[in-house]
>>> print(open('protein.txt').read())   # compact mmCIF, C-alpha atoms
# COMPACT_ATOMS: atom_id res chain seq x y z
CA MET Q 16 66.49 148.74 76.34
CA ARG Q 17 67.11 149.57 80.00
CA SER Q 18 66.13 146.08 81.11
CA GLU Q 19 68.54 144.59 78.53
CA TRP Q 20 71.39 146.75 79.85
CA ARG Q 21 70.53 145.76 83.38
CA SER Q 22 70.58 142.11 82.35
CA ASN Q 23 74.00 142.55 80.70
CA VAL Q 24 75.46 144.25 83.77
CA TRP Q 25 74.30 141.47 86.08
CA LEU Q 26 75.65 138.85 83.68
CA VAL Q 27 79.07 140.57 83.62
CA ILE Q 28 79.09 140.65 87.43
CA GLU Q 29 78.18 136.96 87.51
CA LEU Q 30 80.96 136.10 85.05
CA LEU Q 31 83.48 138.15 87.07
CA LEU Q 32 82.61 136.48 90.39
CA VAL Q 33 82.63 133.02 88.84
CA SER Q 34 86.00 133.75 87.19
CA MET Q 35 87.52 134.86 90.51
CA ILE Q 36 86.34 131.73 92.31
CA LEU Q 37 87.55 129.50 89.48
CA TRP Q 38 90.91 131.29 89.43
CA TYR Q 39 91.44 130.67 93.14
CA VAL Q 40 90.63 126.97 92.79
CA ASP Q 41 92.75 126.65 89.64
CA CYS Q 42 95.67 128.28 91.45
CA LYS Q 43 95.56 125.72 94.28
CA VAL Q 44 95.32 122.74 91.95
CA TYR Q 45 97.86 124.07 89.45
CA HIS Q 46 100.40 124.80 92.19
CA THR Q 47 100.08 121.36 93.73
CA VAL Q 48 100.29 119.52 90.42
CA SER Q 49 103.27 121.58 89.25
CA LEU Q 50 105.11 120.85 92.50
CA TYR Q 51 104.47 117.12 92.19
CA ASN Q 52 105.50 117.03 88.53
CA SER Q 53 108.60 119.16 89.02
CA GLU Q 54 111.93 117.47 88.54
CA LYS Q 55 112.90 115.42 91.58
CA ASP Q 56 116.18 116.58 93.08
CA PHE Q 57 117.53 113.16 94.02
CA ASP Q 58 117.59 109.59 92.72
CA LEU Q 59 116.70 107.47 95.76
CA THR Q 60 116.49 104.14 93.93
CA ASP Q 61 118.01 101.31 96.03
CA VAL Q 62 118.52 103.67 99.00
CA TYR Q 63 117.59 102.45 102.50
CA VAL Q 64 117.60 104.26 105.82
CA ALA Q 65 117.50 102.99 109.43
CA GLU Q 66 117.18 104.80 112.74
CA ILE Q 67 120.00 105.00 115.28
CA THR Q 68 118.89 104.84 118.92
CA TYR Q 69 121.19 105.77 121.82
CA LEU Q 70 121.00 104.10 125.22
CA SER Q 71 121.52 106.48 128.12
CA GLU Q 72 122.86 105.74 131.56
CA GLY Q 73 120.35 103.80 133.64
CA GLN Q 74 118.58 102.18 130.69
CA PRO Q 75 118.64 98.38 130.36
CA GLY Q 76 121.62 97.25 128.27
CA TYR Q 77 123.67 100.40 128.88
CA SER Q 78 127.40 99.79 129.44
CA PRO Q 79 129.47 102.56 131.07
CA TYR Q 80 132.29 103.89 128.89
CA ASP Q 81 135.95 103.67 129.83
CA ASP Q 82 137.99 106.85 129.78
CA GLY Q 83 138.36 108.22 126.28
CA TYR Q 84 135.48 106.24 124.83
CA SER Q 85 132.09 107.61 123.79
CA TYR Q 86 129.19 107.09 121.43
CA TRP Q 87 131.55 107.89 118.56
CA ASN Q 88 133.38 104.62 119.17
CA ASP Q 89 130.09 102.72 118.92
CA ILE Q 90 129.19 104.60 115.73
CA SER Q 91 132.57 103.68 114.20
CA LEU Q 92 132.05 100.02 115.18
CA MET Q 93 128.57 100.04 113.65
CA LEU Q 94 129.78 101.57 110.38
CA ASN Q 95 132.65 99.09 110.08
CA GLN Q 96 130.26 96.15 110.42
CA MET Q 97 127.62 97.62 108.11
CA ARG Q 98 130.28 98.10 105.44
CA GLU Q 99 130.95 94.37 105.59
CA ASN Q 100 127.48 93.80 104.14
CA PRO Q 101 128.29 92.38 100.68
CA TYR Q 102 125.09 93.86 99.24
CA ALA Q 103 125.73 97.48 100.33
CA GLU Q 104 127.69 99.75 97.99
CA THR Q 105 127.97 102.72 100.36
CA VAL Q 106 127.09 103.38 104.00
CA GLY Q 107 126.74 106.84 105.50
CA THR Q 108 125.22 108.62 108.48
CA GLY Q 109 123.21 111.77 109.02
CA LYS Q 110 120.75 113.64 111.19
CA ASN Q 111 117.52 114.85 109.61
CA SER Q 112 119.42 114.33 106.37
CA MET Q 113 117.02 112.59 104.01
CA PRO Q 114 114.08 113.82 101.93
CA TYR Q 115 110.56 112.80 103.00
CA THR Q 116 111.42 113.30 106.68
CA PHE Q 117 108.89 115.48 108.50
CA SER Q 118 110.96 116.23 111.58
CA TYR Q 119 111.66 119.95 111.30
CA GLN Q 120 114.78 121.27 113.04
CA GLY Q 121 114.40 124.93 112.27
CA GLN Q 122 117.17 127.36 113.04
CA THR Q 123 117.81 131.07 112.47
CA LEU Q 124 121.25 132.31 111.43
CA TYR Q 125 122.50 135.89 111.59
CA ALA Q 126 125.29 137.59 109.64
CA MET Q 127 126.35 141.17 109.08
CA GLU Q 128 126.16 142.95 105.72
CA GLY Q 129 127.65 146.38 106.25
CA SER Q 130 125.64 147.86 109.09
CA ASP Q 131 122.65 145.59 108.43
CA THR Q 132 121.90 142.27 110.11
CA LEU Q 133 120.83 139.53 107.71
CA GLU Q 134 118.50 136.82 108.99
CA TYR Q 135 118.28 133.39 107.41
CA TYR Q 136 115.74 130.77 108.49
CA GLY Q 137 116.28 127.15 107.50
CA ASN Q 138 115.93 123.47 108.31
CA SER Q 139 119.17 122.10 109.75
CA ARG Q 140 120.47 118.89 108.17
CA MET Q 141 123.67 117.01 109.00
CA MET Q 142 125.41 114.57 106.61
CA ASP Q 143 128.71 112.77 106.34
CA ALA Q 144 130.56 112.53 103.04
CA ASN Q 145 129.05 109.18 102.05
CA THR Q 146 125.47 110.36 102.61
CA ILE Q 147 126.14 113.38 100.38
CA ARG Q 148 127.40 110.99 97.70
CA ILE Q 149 124.44 108.61 98.12
CA ILE Q 150 121.77 111.26 97.55
CA GLY Q 151 123.88 113.11 94.98
CA LEU Q 152 123.59 116.50 96.67
CA GLU Q 153 124.64 119.28 94.29
CA GLY Q 154 125.00 123.03 94.27
CA ALA Q 155 122.50 125.32 92.60
CA ASN Q 156 125.16 126.28 90.02
CA GLY Q 157 126.20 122.72 89.23
CA GLU Q 158 128.78 122.20 91.99
CA THR Q 159 129.48 118.50 92.59
CA SER Q 160 129.04 116.43 95.73
CA GLU Q 161 132.83 116.31 96.15
CA GLN Q 162 133.02 120.12 96.17
CA ILE Q 163 130.33 120.22 98.85
CA ILE Q 164 132.20 117.64 100.93
CA GLN Q 165 135.34 119.76 100.69
CA GLU Q 166 133.47 122.80 101.98
CA LEU Q 167 132.19 120.85 104.98
CA ASP Q 168 135.72 119.58 105.67
CA ASN Q 169 136.75 123.23 105.89
CA PHE Q 170 134.13 123.71 108.65
CA ASN Q 171 131.88 125.85 106.50
CA LEU Q 172 128.08 125.80 106.52
CA LEU Q 173 126.15 125.59 103.27
CA LEU Q 174 122.76 127.19 102.62
CA SER Q 175 120.06 126.75 99.99
CA ASN Q 176 117.83 129.37 98.39
CA TYR Q 177 114.12 129.68 99.03
CA ASP Q 178 111.44 129.11 96.41
CA ASP Q 179 110.75 131.79 93.77
CA LYS Q 180 108.22 133.56 96.01
CA TRP Q 181 110.93 134.52 98.51
CA LYS Q 182 114.00 134.99 96.28
CA ASN Q 183 115.80 138.31 96.72
CA SER Q 184 113.11 139.68 99.03
CA GLU Q 185 114.16 142.07 101.77
CA GLU Q 186 112.08 140.14 104.28
CA ARG Q 187 113.91 136.88 103.55
CA PRO Q 188 117.26 137.42 101.80
CA ASP Q 189 118.30 134.24 100.02
CA ALA Q 190 121.52 132.30 100.43
CA THR Q 191 123.48 134.31 97.88
CA ARG Q 192 123.48 137.27 100.31
CA PHE Q 193 125.24 135.11 102.93
CA LYS Q 194 128.05 133.73 100.74
CA GLY Q 195 131.47 134.06 102.38
CA LYS Q 196 130.13 135.68 105.55
CA ILE Q 197 130.87 134.73 109.17
CA LEU Q 198 128.00 133.77 111.46
CA MET Q 199 127.28 136.10 114.34
CA ASN Q 200 127.50 134.72 117.89
CA SER Q 201 129.23 131.49 116.83
CA ASP Q 202 132.05 130.07 118.92
CA PRO Q 203 134.33 129.08 117.27
CA PRO Q 204 133.53 131.38 114.31
CA LEU Q 205 131.78 129.53 111.47
CA GLY Q 206 131.96 130.60 107.86
CA ILE Q 207 129.26 130.26 105.21
CA SER Q 208 130.31 128.63 101.98
CA ASN Q 209 130.25 130.34 98.59
CA ILE Q 210 128.36 127.30 97.27
CA VAL Q 211 124.55 127.62 97.30
CA LEU Q 212 122.76 124.26 97.58
CA ASN Q 213 119.78 122.75 95.87
CA PRO Q 214 117.15 122.35 98.63
CA ILE Q 215 115.80 119.13 100.12
CA ARG Q 216 112.01 119.03 100.47
CA ARG Q 217 110.04 117.05 103.02
CA SER Q 218 107.51 115.83 100.43
CA ASP Q 219 106.86 116.09 96.71
CA PHE Q 220 104.09 118.63 97.40
CA GLU Q 221 105.95 120.95 99.75
CA PRO Q 222 107.37 124.29 98.57
CA MET Q 223 110.66 125.49 100.05
CA THR Q 224 109.31 128.33 102.15
CA ALA Q 225 112.30 127.83 104.43
CA GLY Q 226 115.83 127.13 103.32
CA MET Q 227 118.26 124.37 104.25
CA ILE Q 228 121.32 124.61 106.48
CA LEU Q 229 123.86 121.85 105.88
CA TRP Q 230 126.19 121.03 108.77
CA SER Q 231 129.09 118.63 108.94
CA GLU Q 232 128.36 115.47 110.90
CA LYS Q 233 131.26 116.46 113.20
CA TYR Q 234 128.91 118.72 115.16
CA PHE Q 235 126.16 116.21 116.08
CA TYR Q 236 125.58 112.56 116.82
CA PRO Q 237 123.82 111.02 113.79
CA ASP Q 238 120.30 109.64 114.18
CA GLU Q 239 120.14 107.61 110.96
CA VAL Q 240 122.31 105.33 108.88
CA ILE Q 241 121.89 105.41 105.10
CA PHE Q 242 122.65 102.57 102.69
CA LYS Q 243 123.09 102.51 98.93
CA VAL Q 244 122.25 98.91 98.02
CA LYS Q 245 123.49 97.11 94.94
CA HIS Q 246 120.80 97.07 92.29
CA GLY Q 247 118.56 94.02 92.49
CA LYS Q 248 119.97 92.95 95.88
CA ASP Q 249 117.32 94.55 98.13
CA LEU Q 250 116.01 91.25 99.51
CA ASP Q 251 119.51 89.85 100.10
CA PHE Q 252 120.50 93.08 101.85
CA SER Q 253 117.46 92.99 104.16
CA GLU Q 254 118.05 89.33 105.02
CA TRP Q 255 121.70 90.06 105.88
CA VAL Q 256 120.67 92.89 108.21
CA SER Q 257 117.99 90.79 109.94
CA SER Q 258 120.44 87.92 110.51
CA HIS Q 259 123.03 90.08 112.32
CA ASP Q 260 123.02 91.72 115.73
CA MET Q 261 122.22 95.39 115.27
CA LYS Q 262 123.41 96.50 118.75
CA PHE Q 263 126.84 98.08 118.95
CA GLY Q 264 127.87 99.09 122.46
CA ASN Q 265 125.30 101.64 123.57
CA ILE Q 266 123.63 102.18 120.22
CA TYR Q 267 121.44 100.02 118.01
CA ILE Q 268 119.82 100.47 114.64
CA SER Q 269 116.21 99.60 113.80
CA ARG Q 270 113.28 100.38 111.50
CA LEU Q 271 115.07 99.69 108.24
CA GLN Q 272 113.03 101.23 105.42
CA SER Q 273 113.51 101.89 101.73
CA MET Q 274 113.35 105.51 100.64
CA GLU Q 275 110.67 104.58 98.10
CA SER Q 276 108.52 103.35 100.99
CA ARG Q 277 109.25 106.49 103.00
CA ARG Q 278 108.33 108.62 100.01
CA GLU Q 279 104.98 106.85 99.66
CA SER Q 280 104.28 107.37 103.37
CA ALA Q 281 105.24 111.06 103.22
CA ASN Q 282 103.01 111.67 100.20
CA ARG Q 283 100.04 109.56 101.35
CA SER Q 284 98.21 112.27 103.30
CA ASP Q 285 98.98 114.80 100.56
CA ASN Q 286 97.62 112.43 97.92
CA VAL Q 287 94.35 112.14 99.84
CA PHE Q 288 94.19 115.93 100.17
CA ILE Q 289 94.94 116.44 96.48
CA THR Q 290 92.35 113.87 95.42
CA ARG Q 291 89.74 115.59 97.58
CA ASN Q 292 90.69 118.97 96.11
CA LEU Q 293 90.42 117.64 92.56
CA ILE Q 294 86.97 116.18 93.28
CA ASN Q 295 85.85 119.46 94.85
CA SER Q 296 87.24 121.38 91.88
CA ALA Q 297 85.45 119.12 89.40
CA PHE Q 298 82.21 119.54 91.35
CA LEU Q 299 82.67 123.32 91.44
CA LEU Q 300 83.44 123.37 87.72
CA ALA Q 301 80.22 121.44 87.05
CA LEU Q 302 78.22 123.92 89.16
CA ILE Q 303 79.81 126.85 87.35
CA PHE Q 304 79.02 125.29 83.98
CA LEU Q 305 75.40 124.61 84.94
CA GLY Q 306 75.00 128.12 86.37
CA ILE Q 307 76.36 129.82 83.26
CA LEU Q 308 74.44 127.41 81.04
CA GLY Q 309 71.26 128.37 82.90
CA SER Q 310 71.98 132.09 82.53
CA PHE Q 311 72.59 131.87 78.80
CA TRP Q 312 69.73 129.41 78.32
CA PHE Q 313 67.33 131.92 79.84
CA ARG Q 314 68.93 134.69 77.78
CA VAL Q 315 68.56 132.74 74.51
CA GLN Q 316 65.00 131.70 75.32
CA GLU Q 317 64.02 135.37 75.67
CA ARG Q 318 65.41 135.96 72.19
CA VAL Q 319 63.63 133.08 70.43
CA PRO Q 320 61.25 135.47 68.59
CA GLU Q 321 64.24 137.55 67.42
CA ILE Q 322 65.98 134.37 66.20
CA ALA Q 323 62.78 133.35 64.41
CA ILE Q 324 62.52 136.72 62.66
CA ARG Q 325 66.15 136.55 61.54
CA LYS Q 326 65.62 133.04 60.17
CA ALA Q 327 62.46 134.14 58.41
CA MET Q 328 64.43 136.95 56.77
CA GLY Q 329 66.96 134.42 55.42
CA ALA Q 330 69.65 134.40 58.08
CA ARG Q 331 71.55 131.15 58.28
CA ARG Q 332 72.01 129.19 61.49
CA MET Q 333 75.74 129.96 61.59
CA GLN Q 334 75.08 133.68 61.24
CA VAL Q 335 72.65 133.60 64.15
CA LEU Q 336 75.02 131.52 66.26
CA ARG Q 337 77.92 133.83 65.45
CA ARG Q 338 75.91 136.84 66.60
CA LEU Q 339 74.94 135.18 69.90
CA LEU Q 340 78.53 134.06 70.51
CA SER Q 341 79.97 137.50 69.76
CA GLU Q 342 77.61 139.10 72.28
CA ALA Q 343 78.48 136.49 74.90
CA PHE Q 344 82.23 136.86 74.39
CA ILE Q 345 82.01 140.65 74.55
CA LEU Q 346 80.38 140.32 77.98
CA LEU Q 347 82.98 137.70 79.00
CA GLY Q 348 85.77 139.98 77.75
CA ILE Q 349 84.52 142.82 79.95
CA ALA Q 350 84.46 140.46 82.95
CA LEU Q 351 87.99 139.16 82.19
CA VAL Q 352 89.35 142.69 81.86
CA ALA Q 353 87.94 143.40 85.32
CA LEU Q 354 89.52 140.12 86.52
CA ALA Q 355 92.89 141.23 85.12
CA GLY Q 356 92.54 144.47 87.07
CA VAL Q 357 91.84 142.54 90.27
CA ALA Q 358 94.84 140.29 89.52
CA CYS Q 359 97.20 143.23 89.04
CA TRP Q 360 96.00 144.79 92.29
CA LEU Q 361 96.47 141.56 94.26
CA LEU Q 362 99.89 140.80 92.78
CA ASN Q 363 101.18 144.21 93.79
CA SER Q 364 99.49 144.57 97.17
CA GLN Q 365 100.09 143.40 100.70
CA HIS Q 366 97.18 140.97 100.32
CA TYR Q 367 99.16 138.67 97.99
CA GLU Q 368 100.22 136.24 100.73
CA THR Q 369 96.76 136.30 102.31
CA VAL Q 370 95.14 135.14 99.07
CA PHE Q 371 97.84 133.04 97.41
CA GLY Q 372 99.97 131.90 100.35
CA ASN Q 373 103.51 130.95 99.34
CA ARG Q 374 102.67 130.25 95.71
CA PRO Q 375 105.12 131.86 93.26
CA GLU Q 376 103.88 134.42 90.76
CA LYS Q 377 104.40 132.09 87.77
CA THR Q 378 101.82 129.75 89.32
CA VAL Q 379 99.36 132.62 89.78
CA TYR Q 380 99.79 133.72 86.15
CA GLY Q 381 99.56 130.15 84.88
CA SER Q 382 96.33 129.50 86.77
CA LEU Q 383 94.93 132.82 85.51
CA LEU Q 384 95.53 131.69 81.92
CA ILE Q 385 93.83 128.36 82.65
CA THR Q 386 90.86 130.25 84.11
CA VAL Q 387 90.50 132.42 80.98
CA VAL Q 388 90.53 129.35 78.72
CA ALA Q 389 88.09 127.46 80.98
CA MET Q 390 85.66 130.39 81.09
CA ALA Q 391 85.80 130.75 77.30
CA LEU Q 392 84.97 127.07 76.85
CA ILE Q 393 82.15 127.23 79.41
CA VAL Q 394 80.60 130.28 77.73
CA LEU Q 395 80.99 128.63 74.32
CA ALA Q 396 79.13 125.55 75.53
CA GLY Q 397 76.62 127.67 77.46
CA VAL Q 398 75.64 129.55 74.29
CA CYS Q 399 75.83 126.75 71.73
CA PHE Q 400 73.57 124.25 73.47
CA PRO Q 401 70.50 126.48 73.99
CA ALA Q 402 71.11 128.33 70.69
CA ARG Q 403 71.09 125.12 68.65
CA ARG Q 404 67.85 124.08 70.35
CA ALA Q 405 66.26 127.51 69.75
CA MET Q 406 67.18 127.49 66.06
CA LYS Q 407 65.39 124.18 65.56
CA ILE Q 408 62.07 125.82 66.44
CA ASN Q 409 59.91 126.66 63.44
CA PRO Q 410 59.77 130.48 62.99
CA VAL Q 411 55.97 130.38 62.56
CA THR Q 412 55.59 128.45 65.82
CA ALA Q 413 57.94 130.79 67.69
CA LEU Q 414 56.16 133.94 66.47
CA LYS Q 415 52.74 132.43 67.06
CA GLU Q 416 53.64 131.62 70.69
CA GLN Q 417 54.93 135.15 71.07
>>> encode(input="protein.txt", output="structure tokens")
Amino acid sequence: MRSEWRSNVWLVIELLLVSMILWYVDCKVYHTVSLYNSEKDFDLTDVYVAEITYLSEGQPGYSPYDDGYSYWNDISLMLNQMRENPYAETVGTGKNSMPYTFSYQGQTLYAMEGSDTLEYYGNSRMMDANTIRIIGLEGANGETSEQIIQELDNFNLLLSNYDDKWKNSEERPDATRFKGKILMNSDPPLGISNIVLNPIRRSDFEPMTAGMILWSEKYFYPDEVIFKVKHGKDLDFSEWVSSHDMKFGNIYISRLQSMESRRESANRSDNVFITRNLINSAFLLALIFLGILGSFWFRVQERVPEIAIRKAMGARRMQVLRRLLSEAFILLGIALVALAGVACWLLNSQHYETVFGNRPEKTVYGSLLITVVAMALIVLAGVCFPARRAMKINPVTALKEQ
């Protein structure tokens, strides 16, 4: 009896440890897949982007400006010519404005709330009105692109919220806490809009652990020109660009690229990482299944004489199988209750970020549910396979061997 209890205790510990490992792996995979399958914020079909390069004094091809002229004159000249492209619907400019751009221009903003200083950390992006229209930037509460453009015309900044993990936290107050406030240490004073933006991610797999700060293009020279091309005219548009001189005074544009191509490039390394993680997870799942199968196989083999006696006394196969399964699921239930206790402790402790990183709680709960279902299926298979084999043994043979 004591040895059987000892065996049960060790099996519960094994099931608990395996469940914890599987939960951690499930959480990583589930989070990544849910990010990738989440609704994309922008329709970038037929959108192209090109880099703007500025020549500085002393560089070959640089022409000194007359009084009153600057790079802005060259930018205006460039935009006027690009808008003559018969295959372009809209042309805009920006700086770090587009999704799938891995340049990170982080900035910290400060504002007062009573006697407290609020701190907001975000990725600065600059757009003109046409770029906002091209990507269809909207507010988190359904505000239109035109409303956002109006806010920028009033020299207001616009902020986005963080992901669920950081919303309403004291450590990182979200954008709603900054609505209508004036930035500290800004000259001239800059206001923060009452409109909260939908964020722009740098890849389909990246969570918004930092927010977004949207500036008017009036504050910075743009570093990219964005085109919305007429549908089906991509090739004609590219040929028109390649057949015209792309130098305008002291600036030139180069590296024309579709946003679909940029998206593929931004996601390529993540796709490799995700594929590797899925392979590792499948391999780990196979090891877990074989380990549990081995444990229950050994457990069933020890009970072959008992199974033989029950069959000899008239027990049906399903009755025997039901008894073995009920015992296995009782042990699994004890392990999963312990796992739930560990989960509650982690979710409410300072170790949350250490274990789960920036993953939101809904991902942690979702992966926990997947782990429970997976463990139940593994135990079911781990009991059924050896039990079916054991029940095929003739009772006389089993008792004789015993």
>>> residues_around(input="protein.txt", residues="Ile228 in chain Q", least_positions_apart="2", cutoff="6 Å", atoms="only C-alpha atoms", output="list in words")
Gly137, Asn138, Ser139, Leu173 and Leu174 of chain Q
>>> atom_distance(input="protein.txt", atom1="CA of Leu205 in chain Q", atom2="CA of Ile90 in chain Q")
25.4 Å
>>> residues_around(input="protein.txt", residues="range 23-34 of chain Q", least_positions_apart="6", cutoff="12 Å", atoms="only C-alpha atoms", output="JSON, numbers by chain")
{"Q": [16, 17, 40, 41, 42, 299, 300, 301, 302, 303, 304, 305, 306, 307, 308, 309, 310, 311, 313, 314, 342, 343, 344, 345, 346, 347, 348, 349, 350, 351, 352, 353, 354, 355, 356, 357, 358, 382, 383, 384, 385, 386, 387, 388, 389, 390, 391, 393, 394]}
>>> write_last_selection(input="protein.txt", atoms="C-alpha atoms", output="PDB file, in the coordinates of the input")
ATOM      1  CA  MET Q  16      66.490 148.740  76.340  1.00  0.00           C
ATOM      2  CA  ARG Q  17      67.110 149.570  80.000  1.00  0.00           C
ATOM      3  CA  VAL Q  40      90.630 126.970  92.790  1.00  0.00           C
ATOM      4  CA  ASP Q  41      92.750 126.650  89.640  1.00  0.00           C
ATOM      5  CA  CYS Q  42      95.670 128.280  91.450  1.00  0.00           C
ATOM      6  CA  LEU Q 299      82.670 123.320  91.440  1.00  0.00           C
ATOM      7  CA  LEU Q 300      83.440 123.370  87.720  1.00  0.00           C
ATOM      8  CA  ALA Q 301      80.220 121.440  87.050  1.00  0.00           C
ATOM      9  CA  LEU Q 302      78.220 123.920  89.160  1.00  0.00           C
ATOM     10  CA  ILE Q 303      79.810 126.850  87.350  1.00  0.00           C
ATOM     11  CA  PHE Q 304      79.020 125.290  83.980  1.00  0.00           C
ATOM     12  CA  LEU Q 305      75.400 124.610  84.940  1.00  0.00           C
ATOM     13  CA  GLY Q 306      75.000 128.120  86.370  1.00  0.00           C
ATOM     14  CA  ILE Q 307      76.360 129.820  83.260  1.00  0.00           C
ATOM     15  CA  LEU Q 308      74.440 127.410  81.040  1.00  0.00           C
ATOM     16  CA  GLY Q 309      71.260 128.370  82.900  1.00  0.00           C
ATOM     17  CA  SER Q 310      71.980 132.090  82.530  1.00  0.00           C
ATOM     18  CA  PHE Q 311      72.590 131.870  78.800  1.00  0.00           C
ATOM     19  CA  PHE Q 313      67.330 131.920  79.840  1.00  0.00           C
ATOM     20  CA  ARG Q 314      68.930 134.690  77.780  1.00  0.00           C
ATOM     21  CA  GLU Q 342      77.610 139.100  72.280  1.00  0.00           C
ATOM     22  CA  ALA Q 343      78.480 136.490  74.900  1.00  0.00           C
ATOM     23  CA  PHE Q 344      82.230 136.860  74.390  1.00  0.00           C
ATOM     24  CA  ILE Q 345      82.010 140.650  74.550  1.00  0.00           C
ATOM     25  CA  LEU Q 346      80.380 140.320  77.980  1.00  0.00           C
ATOM     26  CA  LEU Q 347      82.980 137.700  79.000  1.00  0.00           C
ATOM     27  CA  GLY Q 348      85.770 139.980  77.750  1.00  0.00           C
ATOM     28  CA  ILE Q 349      84.520 142.820  79.950  1.00  0.00           C
ATOM     29  CA  ALA Q 350      84.460 140.460  82.950  1.00  0.00           C
ATOM     30  CA  LEU Q 351      87.990 139.160  82.190  1.00  0.00           C
ATOM     31  CA  VAL Q 352      89.350 142.690  81.860  1.00  0.00           C
ATOM     32  CA  ALA Q 353      87.940 143.400  85.320  1.00  0.00           C
ATOM     33  CA  LEU Q 354      89.520 140.120  86.520  1.00  0.00           C
ATOM     34  CA  ALA Q 355      92.890 141.230  85.120  1.00  0.00           C
ATOM     35  CA  GLY Q 356      92.540 144.470  87.070  1.00  0.00           C
ATOM     36  CA  VAL Q 357      91.840 142.540  90.270  1.00  0.00           C
ATOM     37  CA  ALA Q 358      94.840 140.290  89.520  1.00  0.00           C
ATOM     38  CA  SER Q 382      96.330 129.500  86.770  1.00  0.00           C
ATOM     39  CA  LEU Q 383      94.930 132.820  85.510  1.00  0.00           C
ATOM     40  CA  LEU Q 384      95.530 131.690  81.920  1.00  0.00           C
ATOM     41  CA  ILE Q 385      93.830 128.360  82.650  1.00  0.00           C
ATOM     42  CA  THR Q 386      90.860 130.250  84.110  1.00  0.00           C
ATOM     43  CA  VAL Q 387      90.500 132.420  80.980  1.00  0.00           C
ATOM     44  CA  VAL Q 388      90.530 129.350  78.720  1.00  0.00           C
ATOM     45  CA  ALA Q 389      88.090 127.460  80.980  1.00  0.00           C
ATOM     46  CA  MET Q 390      85.660 130.390  81.090  1.00  0.00           C
ATOM     47  CA  ALA Q 391      85.800 130.750  77.300  1.00  0.00           C
ATOM     48  CA  ILE Q 393      82.150 127.230  79.410  1.00  0.00           C
ATOM     49  CA  VAL Q 394      80.600 130.280  77.730  1.00  0.00           C
TER      50      VAL Q 394
END
>>> residues_near_point(input="protein.txt", point="(121.5, 93.3, 107.2)", cutoff="10 Å", atoms="all atoms listed in the file", output="ChimeraX atom specification")
/Q:96-97,99-103,250-261,271
>>> closest_residue(input="protein.txt", among="Q:Leu133, Q:Leu152, Q:Val240, Q:Ile164", to="Arg192 in chain Q", atoms="only C-alpha atoms")
Q:Leu133
>>> atom_distance(input="protein.txt", atom1="CA of Pro188 in chain Q", atom2="CA of Thr47 in chain Q")
24.9 Å
>>> closest_residue(input="protein.txt", among="Q:Ala155, Q:Leu167, Q:Met113, Q:Ala144", to="Gly206 in chain Q", atoms="all atoms listed in the file")
Q:Leu167
>>> residues_near_point(input="protein.txt", point="(127.9, 119.2, 110.4)", cutoff="6 Å", atoms="all atoms listed in the file", output="JSON, numbers by chain")
{"Q": [141, 230, 231, 232, 233, 234]}
>>> closest_residue(input="protein.txt", among="Q:Asn169, Q:Cys399, Q:Ser218, Q:Trp38", to="Trp312 in chain Q", atoms="all atoms listed in the file")
Q:Cys399
